[in-house]
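Contents: one structure, followed by commentary.
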2 protein chains.
Amino acid sequence: MQNFNYQTPTRLIFGKDVIRKLPEVMASIGKKVLLTYGGGSIKKLGLYDRVKELLKDFEIIELSGIQPNPKYDPSVLDGVRLCKENDIDVILAVGGGSVLDCSKAIAAGAKYDGDPWDLISYKVKAKAALPIVDIITLAATGSEYDCGGVISRTETNDKIGYMDPLLYPVCSFLDPTYTFTVSKKQTAAGCADAMNHIIEQYFCEDSTLLNDGFMEAGLKSLMVNARKCLEDPEDYTARAEMMLDCTYGCNAIYSLGNSQSGWPCHGMEHALSAYYDITHGEGLAIITPRWMKHILSDKTVSRFVKYGVNVFGIDSALDDYEIANKAIDETYSFFESIGIPMHLKDVGIDESRIDEMAHHVAENEGLENAWSPLYENDIAAIFTASL
Amino acid sequence: MQNFNYQTPTRLIFGKDVIRKLPEVMASIGKKVLLTYGGGSIKKLGLYDRVKELLKDFEIIELSGIQPNPKYDPSVLDGVRLCKENDIDVILAVGGGSVLDCSKAIAAGAKYDGDPWDLISYKVKAKAALPIVDIITLAATGSEYDCGGVISRTETNDKIGYMDPLLYPVCSFLDPTYTFTVSKKQTAAGCADAMNHIIEQYFCEDSTLLNDGFMEAGLKSLMVNARKCLEDPEDYTARAEMMLDCTYGCNAIYSLGNSQSGWPCHGMEHALSAYYDITHGEGLAIITPRWMKHILSDKTVSRFVKYGVNVFGIDSALDDYEIANKAIDETYSFFESIGIPMHLKDVGIDESRIDEMAHHVAENEGLENAWSPLYENDIAAIFTASL
């Protein structure tokens with residue numbers, strides 16, 4: 001087991017109608033609120049009106065229109081400007097992971113005098129950040145329980161994951177009923193994103209019975225509950241369990257003490273959604289089984305065996321490579337069964353920029369340090385196999 | 001799934017020689033330290049000298065001699081007095097769960113003007129507490145990652161579990177090498193305590209695939225690793241995994257959103273160790289299988305089936321009650337196999353005070369609200385079956 005230093009200070013307030021406690025939580029932090037949200041789905045949900053009513057005694061400035069794969073320009077820059085102009089005390093992010101990721105970048109940028117990209121690109125370490133509270137409307141990224149975010153910069157095709165312990169939300173409100181109206185496409189993509197968070201951590205050099213059991217439980221729970229959510233979008237129990245499954249995705253609790261895995265699929269997917277602005281979870285689902293095939297080797301096969309036997313119930317008496325290949329096929333089939341387009345061509349990506357993207361990933365994502373190292377030719381091969 | 005409100009703000013610094021970071025952590029909190037410890041095992045370990053050397057620039061007041069099943073009088077009262085007399089900034093607890101539990105009571109009492117028992121008995125809600133840092137030398141209670149403790153008051157045979165969110169340690173240092181010298185008896189008792197923490201949460205009305213998987217992984221990991229620790233006390237990997245297994249025991253992460261279980265075995269065991277001062281983990285191991293037999297019914301059998309199949313690998317094709325009874329027998333056999341005395345008579349308890357203890361538990365522990373309610377006659381029957 002590796003040494004580790006772990007803290008997730010975020011409070012989770014989870015369940016039906018828990019946002020009634022929003023005024024009390026916000027009052028303990030500050031009066032001037034930057035309310036951040038996306039394209040307006042929170043208005044359709046009635047959540048926008050509810051939040052405004054609950055916070056009628058607060059001063060609220062709004063930043064709307066935050067897009068999936070949230071953009072540095074204009075969203076982060078606008079948010080930072082609004083915080084500085086209005087002397088904001090706290091950011092309230094209402095939406096999915098993109099709104100929250102963007103809000104984290106704003107929170108850091110608001111307390112920094114220079115170009116916020118300095119922070120996101122790790123050129124400068126943030127010294128302070130505004131506190132963040134969030135209300136999550138999509139089960140997927142786990143951003144509500146971690147200190148990271150991913151920001152895209154269109155002109156350079158950069159999509160950067162940045163983390164800073166200053167950016168743990170103070171409090172995350174998780175009401176599963178807000179996810180009842182999430183589309184089948186986004187429900188499936190959220191499941192794939194959360195599954196990939198676990199898979200990225202699972203495939204590493206050494207893990208424990210405890211962590212493996214946690215991760216296998218997370219994967220099985222996601223598969224069972226995503227199917228239920230797709231069958232009956234208002235199945236509260238399934239939506240709730242899926243929401244909690246997703247929450248643990250990226251705060252490291254699934255892999256405390258494990259060797260580092262390098263998060264290779266996220267590294268590769270960042271290029272896909274930076275160059276083509278595709279849905280992140282779909283990109284991950286497409287890449288993951290091809291990455292698995294690519295890295296399957298005598299070094300890695302025992303992890304695939306464990307994954308296949310414990311997650312998919314494959315007969316442990318079979319040959320190791322047979323189990324491994326079946327496990328990869330099951331992974332592919334599951335994603336396909338929940339309606340995810342399983343080829344890059346299905347999401348508008350052809351071979352034309354594969355070499356460019358592979359070069360970009362190889363230069364920027366550090367995947368030569370992944371458990372199973374990936375170099376430019378490996379990345380290009382995985383992209384090509386995903387076409 | 002039930003609504004929940006969860007936060008565990010404690011930082012875990014885990015691994016070999018992590019206490020080199022102690023001065024940095026302590027310096028961020030204060031200069032005047034109450035160092036609490038037990039009977040001197042930390043001196044044999046060399047840990048006492050190491051801590052004193054690391055904190056040579058701090059002002060240190062000591063409270064030693066804290067016993068297992070820590071006592072209100074003298075330990076808590078002495079600690080509170082020392083904190084007040086010396087204007088202590090922070091408590092550093094070095095030892096097992098008893099030292100830390102006692103330190104939590106001291107931390108609350110130090111900031112309260114009245115009798116600290118008012119706080120422990122919930123007559124008064126604490127408004128503040130001293131910050132606590134700990135260095136754990138025994139894998140068992142999980143006190144390093146929760147906000148509770150258990151304090152015994154000899155003259156009234158009270159052993160009270162109290163909790164307050166003010167009492168989460170700021171930082172817990174977990175170095176598995178400090179547990180290399182833990183005796184076989186205490187290693188086994190620690191395993192039983194930690195297993196019972198999970199079992200108490202597992203047997204409830206409704207759980208999730210996710211939580212069940214977490215708990216089943218915790219139980220399997222504890223059994224495998226406790227055996228390894230008993231075979232080779234210096235097996236770092238086994239000691240490390242067992243330490244982390246224990247850490248999650250009581251902070252609720254194993255059962256977020258589950259129905260309440262009522263912690264019946266702990267309620268009953270508190271009387272045993274209050275009246276007879278036995279080792280807590282041994283008392284739990286003795287009671288648990290008898291409690292299981294007592295509550296097995298048409299209402300509860302399906303949980304026993306899940307437990308038996310997923311934790312012990314019992315054939316799911318068998319009859320439900322056959323699986324349940326096998327699972328209970330396996331629980332008993334495991335505890336016996338790691339050397340735990342499995343009868344109350346083995347630990348010096350006969351039938352003479354069973355009725356008195358059962359009455360005390362029924363009056364004080366609220367077990368009529370447990371998942372499978374226990375009244376005075378049930379409690380007496382479980383004690384009698386445990387003789």
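Residue numbering restarts at 1 for every chain of the structure tokens, chains are lettered A, B, ... in their displayed order, and ligands are numbered from 1 as they appear.
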
Quick check: residues of chain B within 8 Å of chain A, only C-alpha atoms, returned as a PDB file with N, CA and C atoms, in the first residue's frame.
ATOM      1  N   MET B   1     -34.046   4.941  -0.445  1.00  0.00           N
ATOM      2  CA  MET B   1     -32.912   5.534   0.262  1.00  0.00           C
ATOM      3  C   MET B   1     -33.376   6.667   1.175  1.00  0.00           C
ATOM      4  N   GLN B   2     -32.801   6.745   2.341  1.00  0.00           N
ATOM      5  CA  GLN B   2     -33.143   7.789   3.306  1.00  0.00           C
ATOM      6  C   GLN B   2     -32.331   9.051   3.015  1.00  0.00           C
ATOM      7  N   ASN B   3     -32.902  10.191   3.349  1.00  0.00           N
ATOM      8  CA  ASN B   3     -32.110  11.429   3.289  1.00  0.00           C
ATOM      9  C   ASN B   3     -30.944  11.355   4.282  1.00  0.00           C
ATOM     10  N   PHE B   4     -29.855  12.034   3.956  1.00  0.00           N
ATOM     11  CA  PHE B   4     -28.765  12.093   4.936  1.00  0.00           C
ATOM     12  C   PHE B   4     -27.978  13.396   4.811  1.00  0.00           C
ATOM     13  N   ASN B   5     -27.249  13.700   5.855  1.00  0.00           N
ATOM     14  CA  ASN B   5     -26.408  14.896   5.940  1.00  0.00           C
ATOM     15  C   ASN B   5     -25.071  14.397   6.465  1.00  0.00           C
ATOM     16  N   TYR B   6     -24.061  14.419   5.624  1.00  0.00           N
ATOM     17  CA  TYR B   6     -22.800  13.731   5.931  1.00  0.00           C
ATOM     18  C   TYR B   6     -21.605  14.638   5.711  1.00  0.00           C
ATOM     19  N   GLN B   7     -20.712  14.642   6.665  1.00  0.00           N
ATOM     20  CA  GLN B   7     -19.438  15.328   6.471  1.00  0.00           C
ATOM     21  C   GLN B   7     -18.397  14.701   7.403  1.00  0.00           C
ATOM     22  N   THR B   8     -17.280  14.303   6.869  1.00  0.00           N
ATOM     23  CA  THR B   8     -16.152  13.857   7.695  1.00  0.00           C
ATOM     24  C   THR B   8     -14.943  14.709   7.311  1.00  0.00           C
ATOM     25  N   PRO B   9     -14.724  15.785   8.054  1.00  0.00           N
ATOM     26  CA  PRO B   9     -13.672  16.720   7.640  1.00  0.00           C
ATOM     27  C   PRO B   9     -12.257  16.294   8.004  1.00  0.00           C
ATOM     28  N   THR B  10     -12.100  15.209   8.725  1.00  0.00           N
ATOM     29  CA  THR B  10     -10.773  14.780   9.199  1.00  0.00           C
ATOM     30  C   THR B  10      -9.804  14.494   8.044  1.00  0.00           C
ATOM     31  N   ARG B  11      -8.582  14.978   8.208  1.00  0.00           N
ATOM     32  CA  ARG B  11      -7.534  14.610   7.247  1.00  0.00           C
ATOM     33  C   ARG B  11      -6.869  13.319   7.708  1.00  0.00           C
ATOM     34  N   LEU B  12      -6.696  12.378   6.784  1.00  0.00           N
ATOM     35  CA  LEU B  12      -5.977  11.133   7.070  1.00  0.00           C
ATOM     36  C   LEU B  12      -4.595  11.216   6.439  1.00  0.00           C
ATOM     37  N   ILE B  13      -3.569  11.094   7.271  1.00  0.00           N
ATOM     38  CA  ILE B  13      -2.200  11.024   6.729  1.00  0.00           C
ATOM     39  C   ILE B  13      -1.702   9.628   7.061  1.00  0.00           C
ATOM     40  N   PHE B  14      -1.552   8.842   6.017  1.00  0.00           N
ATOM     41  CA  PHE B  14      -1.454   7.387   6.173  1.00  0.00           C
ATOM     42  C   PHE B  14      -0.168   6.864   5.556  1.00  0.00           C
ATOM     43  N   GLY B  15       0.535   6.019   6.305  1.00  0.00           N
ATOM     44  CA  GLY B  15       1.672   5.311   5.721  1.00  0.00           C
ATOM     45  C   GLY B  15       2.903   5.335   6.605  1.00  0.00           C
ATOM     46  N   LYS B  16       3.957   4.768   6.050  1.00  0.00           N
ATOM     47  CA  LYS B  16       5.207   4.647   6.792  1.00  0.00           C
ATOM     48  C   LYS B  16       5.786   6.008   7.134  1.00  0.00           C
ATOM     49  N   VAL B  18       4.824   8.680   8.467  1.00  0.00           N
ATOM     50  CA  VAL B  18       4.126   9.933   8.149  1.00  0.00           C
ATOM     51  C   VAL B  18       4.180  10.942   9.292  1.00  0.00           C
ATOM     52  N   THR B 208     -28.309  -0.403  -0.057  1.00  0.00           N
ATOM     53  CA  THR B 208     -28.126  -0.289  -1.502  1.00  0.00           C
ATOM     54  C   THR B 208     -27.070  -1.304  -1.953  1.00  0.00           C
ATOM     55  N   LEU B 209     -27.047  -1.558  -3.230  1.00  0.00           N
ATOM     56  CA  LEU B 209     -25.984  -2.398  -3.801  1.00  0.00           C
ATOM     57  C   LEU B 209     -24.622  -1.814  -3.469  1.00  0.00           C
ATOM     58  N   LEU B 210     -24.548  -0.486  -3.527  1.00  0.00           N
ATOM     59  CA  LEU B 210     -23.281   0.193  -3.276  1.00  0.00           C
ATOM     60  C   LEU B 210     -22.833  -0.019  -1.832  1.00  0.00           C
ATOM     61  N   ASN B 211     -23.709   0.294  -0.894  1.00  0.00           N
ATOM     62  CA  ASN B 211     -23.320   0.161   0.515  1.00  0.00           C
ATOM     63  C   ASN B 211     -23.072  -1.300   0.876  1.00  0.00           C
ATOM     64  N   ASP B 212     -23.926  -2.179   0.387  1.00  0.00           N
ATOM     65  CA  ASP B 212     -23.704  -3.595   0.700  1.00  0.00           C
ATOM     66  C   ASP B 212     -22.346  -4.052   0.171  1.00  0.00           C
ATOM     67  N   GLY B 213     -22.016  -3.621  -1.034  1.00  0.00           N
ATOM     68  CA  GLY B 213     -20.723  -4.007  -1.597  1.00  0.00           C
ATOM     69  C   GLY B 213     -19.563  -3.460  -0.782  1.00  0.00           C
ATOM     70  N   PHE B 214     -19.686  -2.209  -0.343  1.00  0.00           N
ATOM     71  CA  PHE B 214     -18.653  -1.612   0.517  1.00  0.00           C
ATOM     72  C   PHE B 214     -18.491  -2.468   1.780  1.00  0.00           C
ATOM     73  N   GLU B 216     -19.512  -5.548   2.479  1.00  0.00           N
ATOM     74  CA  GLU B 216     -19.037  -6.920   2.251  1.00  0.00           C
ATOM     75  C   GLU B 216     -17.526  -6.913   1.987  1.00  0.00           C
ATOM     76  N   ALA B 217     -17.055  -5.908   1.244  1.00  0.00           N
ATOM     77  CA  ALA B 217     -15.612  -5.797   0.996  1.00  0.00           C
ATOM     78  C   ALA B 217     -14.864  -5.547   2.303  1.00  0.00           C
ATOM     79  N   GLY B 218     -15.418  -4.697   3.142  1.00  0.00           N
ATOM     80  CA  GLY B 218     -14.786  -4.413   4.434  1.00  0.00           C
ATOM     81  C   GLY B 218     -14.684  -5.669   5.288  1.00  0.00           C
ATOM     82  N   LYS B 220     -14.763  -8.868   4.303  1.00  0.00           N
ATOM     83  CA  LYS B 220     -13.844  -9.862   3.715  1.00  0.00           C
ATOM     84  C   LYS B 220     -12.394  -9.421   3.903  1.00  0.00           C
ATOM     85  N   SER B 221     -12.163  -8.145   3.706  1.00  0.00           N
ATOM     86  CA  SER B 221     -10.805  -7.630   3.867  1.00  0.00           C
ATOM     87  C   SER B 221     -10.331  -7.789   5.312  1.00  0.00           C
ATOM     88  N   THR B 237       1.643  -4.898   4.502  1.00  0.00           N
ATOM     89  CA  THR B 237       0.466  -4.736   3.646  1.00  0.00           C
ATOM     90  C   THR B 237      -0.806  -5.136   4.383  1.00  0.00           C
ATOM     91  N   ALA B 240      -1.576  -2.603   7.081  1.00  0.00           N
ATOM     92  CA  ALA B 240      -2.039  -1.349   6.478  1.00  0.00           C
ATOM     93  C   ALA B 240      -3.495  -1.472   6.039  1.00  0.00           C
ATOM     94  N   GLU B 241      -3.805  -2.570   5.362  1.00  0.00           N
ATOM     95  CA  GLU B 241      -5.179  -2.703   4.876  1.00  0.00           C
ATOM     96  C   GLU B 241      -6.146  -2.837   6.051  1.00  0.00           C
ATOM     97  N   ASP B 245      -9.362  -0.517   6.828  1.00  0.00           N
ATOM     98  CA  ASP B 245     -10.678  -1.151   7.047  1.00  0.00           C
ATOM     99  C   ASP B 245     -11.327  -0.599   8.309  1.00  0.00           C
TER     100      ASP B 245
END

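The neighbours of stretch 360-371 of chain A here are the residues that come within 8 Å of it, using only C-alpha atoms and leaving out any residue fewer than 5 positions away in the same chain; they are Phe203, Cys204, Glu205, Gln260, Ser261, Gly262, Trp263, Pro264, Gly267, Met268, Ala271, Glu376 and Ile379 of chain A.
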
| task | Measure the distance from atom CA of A:Ala226 to atom CA of A:Gly308 in Å and round it to one decimal. | result | 19.3 Å

| field | Best match for closeness to B:Ala139 among B:Cys229, B:Cys83, B:Ile286, B:Leu92, counting only C-alpha atoms | value |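 For B:Ala139, the nearest of the given residues is B:Cys229.
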
| message | With distances taken over only C-alpha atoms, which residue among A:Ile136, A:Asp298, A:Pro176, A:Ile61 lies nearest A:Lys31? | response |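 The answer is A:Ile61, which sits nearest to A:Lys31.
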
| field | Spatial neighbours of B:Glu24, max dist 10 Å, only C-alpha atoms, sep filter under 5 positions, as a PyMOL selection string | value | chain B and resi 19+29+54-55

Contact residues around B:Met163 with only C-alpha atoms at 12 Å, ignoring same-chain residues under 3 positions, as an mmCIF file with C-alpha atoms, in the first residue's frame:
data_model
loop_
_atom_site.group_PDB
_atom_site.id
_atom_site.type_symbol
_atom_site.label_atom_id
_atom_site.label_comp_id
_atom_site.auth_asym_id
_atom_site.auth_seq_id
_atom_site.Cartn_x
_atom_site.Cartn_y
_atom_site.Cartn_z
ATOM 1 C CA ASP B 101 -12.239 8.521 22.875
ATOM 2 C CA LYS B 104 -12.636 13.679 22.668
ATOM 3 C CA ALA B 105 -14.463 13.926 25.987
ATOM 4 C CA ALA B 108 -15.435 19.034 24.800
ATOM 5 C CA LEU B 119 -22.074 16.827 27.695
ATOM 6 C CA ILE B 120 -21.398 13.086 27.581
ATOM 7 C CA SER B 121 -24.902 12.338 28.805
ATOM 8 C CA TYR B 122 -26.401 14.794 26.274
ATOM 9 C CA LYS B 125 -24.987 20.361 23.861
ATOM 10 C CA ALA B 126 -21.340 21.364 23.533
ATOM 11 C CA SER B 143 -12.364 6.737 16.362
ATOM 12 C CA ASP B 146 -15.496 9.720 13.457
ATOM 13 C CA CYS B 147 -16.850 12.224 15.958
ATOM 14 C CA GLY B 148 -17.783 9.820 18.730
ATOM 15 C CA GLY B 149 -16.333 8.176 21.776
ATOM 16 C CA VAL B 150 -17.348 5.859 24.566
ATOM 17 C CA ILE B 151 -16.735 6.763 28.199
ATOM 18 C CA ILE B 160 -21.992 5.907 27.189
ATOM 19 C CA LEU B 166 -17.228 19.205 16.960
ATOM 20 C CA LEU B 167 -15.177 16.138 17.831
ATOM 21 C CA TYR B 168 -13.904 14.973 14.448
ATOM 22 C CA CYS B 250 -18.119 4.444 12.476
ATOM 23 C CA ASN B 251 -18.240 7.585 10.348
#

Counting only C-alpha atoms, what is within 8 Å of B:Phe312, bar same-chain residues fewer than 3 positions away, as a compact mmCIF listing (two decimals) with N, CA and C atoms, in the first residue's frame?
# COMPACT_ATOMS: atom_id res chain seq x y z
N TYR B 307 -25.75 -11.70 3.32
CA TYR B 307 -24.51 -11.75 4.11
C TYR B 307 -23.80 -13.08 3.91
N GLY B 308 -24.52 -14.15 4.00
CA GLY B 308 -23.90 -15.48 3.88
C GLY B 308 -23.32 -15.74 2.50
N VAL B 309 -24.09 -15.37 1.48
CA VAL B 309 -23.64 -15.63 0.11
C VAL B 309 -22.47 -14.72 -0.26
N ALA B 327 -24.32 -18.95 7.83
CA ALA B 327 -23.62 -17.66 7.91
C ALA B 327 -23.34 -17.29 9.37
N GLU B 330 -20.56 -19.48 10.53
CA GLU B 330 -19.27 -19.02 9.97
C GLU B 330 -18.75 -17.81 10.74
